[in-house]
Amino acid sequence: MDLNTAIGTALAFGLVLFAMAVGPGGVGIFIHIPSMVIVFGGTMAVTMMAFPTSDLKPVIKVMLVTAIRKQSTPTEEIERVVTYANLARKEGLLALETKLQEVDDAFFSKGIQLVIDGFGADTVRDIMELEAEWEGQRHGTGRKIMDQMAAFAPAFGMIGTLVGLVQMLQDLSDPSAIGIGMATALLTTLYGAMGANMVFIPLAGKLEMVAKQDSLLRSLMIEGIVAIQSGEKPQLIKEKLKGFLPPSVRESVEAT
């Protein structure tokens, strides 16, 4: 898991749970099933209304990938491309097939397979750029879903608050009804705020950063793989790919 994601998640929920636990009544008083149903059930229901099933199916995967995926760095990808370029230059393009088992990135693996299969540089570039474009669209859809859920959750918190207030005002002479109504009113607002600000908004922001990093890495991979197919010298490939790095990082590549 990405360290910042793990630390941030643990701190956010830990601090809130700590504040709940040290107060009167402990954490138990903040557990209210009807409020959870209104906020999270309602959020999921209207999200289903807003997006087609084909976009919603991978939403759980999107959330998990966003939260736990550890991306490779451009420096690591440059080193990998140069390693493959050295192998191809010494033993030929077919020798790259022996390295495919080590590749855990489906995009990079597909590009290398196209090179092994003998496709021309322009064809390899066209196929990989199209693949990268579709991947970017999937990221964009996932982020849009997270943004919408971040908007829906507080709205259902407000709906739950109104439901609770109506229940409370039905019979002010019954203290038990007042307590139930007030609990629903306040806890739905709390759940909506927590869901939006501690889950959906951070995930949307994380997904945006992942998409930007992926776009950079995909462009780097495309240039590197096309250069391998074209038979360019590994040192020339390295110099070309360093253009994807900020100047402060290029020195680390030069040292390898």
# chains A, B, ... in the order shown; residues from 1 in each chain; ligands from 1
call {"tool": "residues_around", "arguments": {"residues": "region 189-201 of chain A", "least_positions_apart": "4", "cutoff": "7 Å", "atoms": "only C-alpha atoms", "output": "list in words"}}
result
Ala12, Met36, Val39, Met146, Asp147, Met149, Ala150, Ala153, Pro154, Phe156, Gly157, Met158, Thr161, Ala185 and Gly205 of chain A
call {"tool": "write_last_selection", "arguments": {"atoms": "C-alpha atoms", "output": "CSV table (one decimal), in the first residue's frame"}}
result
chain,number,residue,atom,x,y,z
A,12,ALA,CA,-8.2,10.3,9.9
A,36,MET,CA,-26.2,4.4,8.0
A,39,VAL,CA,-26.6,7.9,4.0
A,146,MET,CA,-16.0,9.3,-6.5
A,147,ASP,CA,-16.8,13.0,-7.0
A,149,MET,CA,-20.6,10.0,-4.3
A,150,ALA,CA,-18.8,12.8,-2.4
A,153,ALA,CA,-23.3,11.6,0.9
A,154,PRO,CA,-23.7,15.0,2.6
A,156,PHE,CA,-28.4,12.2,2.2
A,157,GLY,CA,-27.0,13.3,5.5
A,158,MET,CA,-29.2,16.4,5.3
A,161,THR,CA,-31.5,15.1,9.4
A,185,ALA,CA,-31.0,13.8,12.7
A,205,GLY,CA,-8.1,13.3,-5.4
call {"tool": "residues_around", "arguments": {"residues": "region 219-223 of chain A", "least_positions_apart": "6", "cutoff": "8 Å", "atoms": "only C-alpha atoms", "output": "list in words"}}
result
Pro74, Glu77, Ile78, Val81, Phe108, Gly111, Arg125, Met128, Glu129, Leu241 and Phe244 of chain A
call {"tool": "closest_residue", "arguments": {"among": "A:Leu17, A:Leu96, A:Met44, A:Ile112", "to": "Ile29 (chain A)", "atoms": "only C-alpha atoms"}}
result
A:Leu17
call {"tool": "closest_residue", "arguments": {"among": "A:Met182, A:Ser109, A:Ser54, A:Leu217", "to": "Arg138 (chain A)", "atoms": "only C-alpha atoms"}}
result
A:Ser54
call {"tool": "residues_around", "arguments": {"residues": "Lys240 (chain A)", "least_positions_apart": "2", "cutoff": "12 Å", "atoms": "only C-alpha atoms", "output": "VMD selection string"}}
result
chain A and resid 78 81 to 82 220 to 221 223 to 224 226 to 227 232 to 238 242 to 245 250 253
call {"tool": "closest_residue", "arguments": {"among": "A:Ile38, A:Thr75, A:Gly142, A:Ile225", "to": "Leu93 (chain A)", "atoms": "only C-alpha atoms"}}
result
A:Ile225
call {"tool": "closest_residue", "arguments": {"among": "A:Thr98, A:Thr53, A:Ser248, A:Ser35", "to": "Ile145 (chain A)", "atoms": "only C-alpha atoms"}}
result
A:Thr53
call {"tool": "closest_residue", "arguments": {"among": "A:Ala151, A:Ala106, A:Ala6, A:Ala50", "to": "Arg218 (chain A)", "atoms": "only C-alpha atoms"}}
result
A:Ala106
call {"tool": "closest_residue", "arguments": {"among": "A:Lys206, A:Arg80, A:His32, A:Arg89", "to": "Ile228 (chain A)", "atoms": "only C-alpha atoms"}}
result
A:Arg89
call {"tool": "select_by_dssp", "arguments": {"residues": "region 59-130 of chain A", "states": "helix (DSSP H, G or I)", "output": "PyMOL selection string"}}
result
chain A and resi 59-68+74-91+93-102+106-116+121-130
call {"tool": "residues_around", "arguments": {"residues": "Ile116 (chain A)", "least_positions_apart": "6", "cutoff": "10 Å", "atoms": "only C-alpha atoms", "output": "list in words"}}
result
Ala88, Gly92, Leu93, Leu94, Ala95, Leu96, Glu97, Lys110 and Gln229 of chain A
call {"tool": "write_last_selection", "arguments": {"atoms": "C-alpha atoms", "output": "PDB file, in the first residue's frame"}}
result
ATOM      1  CA  ALA A  88      17.477  -6.493 -27.632  1.00  0.00           C
ATOM      2  CA  GLY A  92      17.842  -9.510 -30.870  1.00  0.00           C
ATOM      3  CA  LEU A  93      14.196  -8.582 -30.318  1.00  0.00           C
ATOM      4  CA  LEU A  94      13.099 -12.197 -29.865  1.00  0.00           C
ATOM      5  CA  ALA A  95      15.273 -12.415 -26.749  1.00  0.00           C
ATOM      6  CA  LEU A  96      12.818 -10.055 -25.030  1.00  0.00           C
ATOM      7  CA  GLU A  97      10.324 -12.914 -24.789  1.00  0.00           C
ATOM      8  CA  LYS A 110       1.621  -5.708 -24.332  1.00  0.00           C
ATOM      9  CA  GLN A 229      11.706  -1.576 -31.821  1.00  0.00           C
TER      10      GLN A 229
END
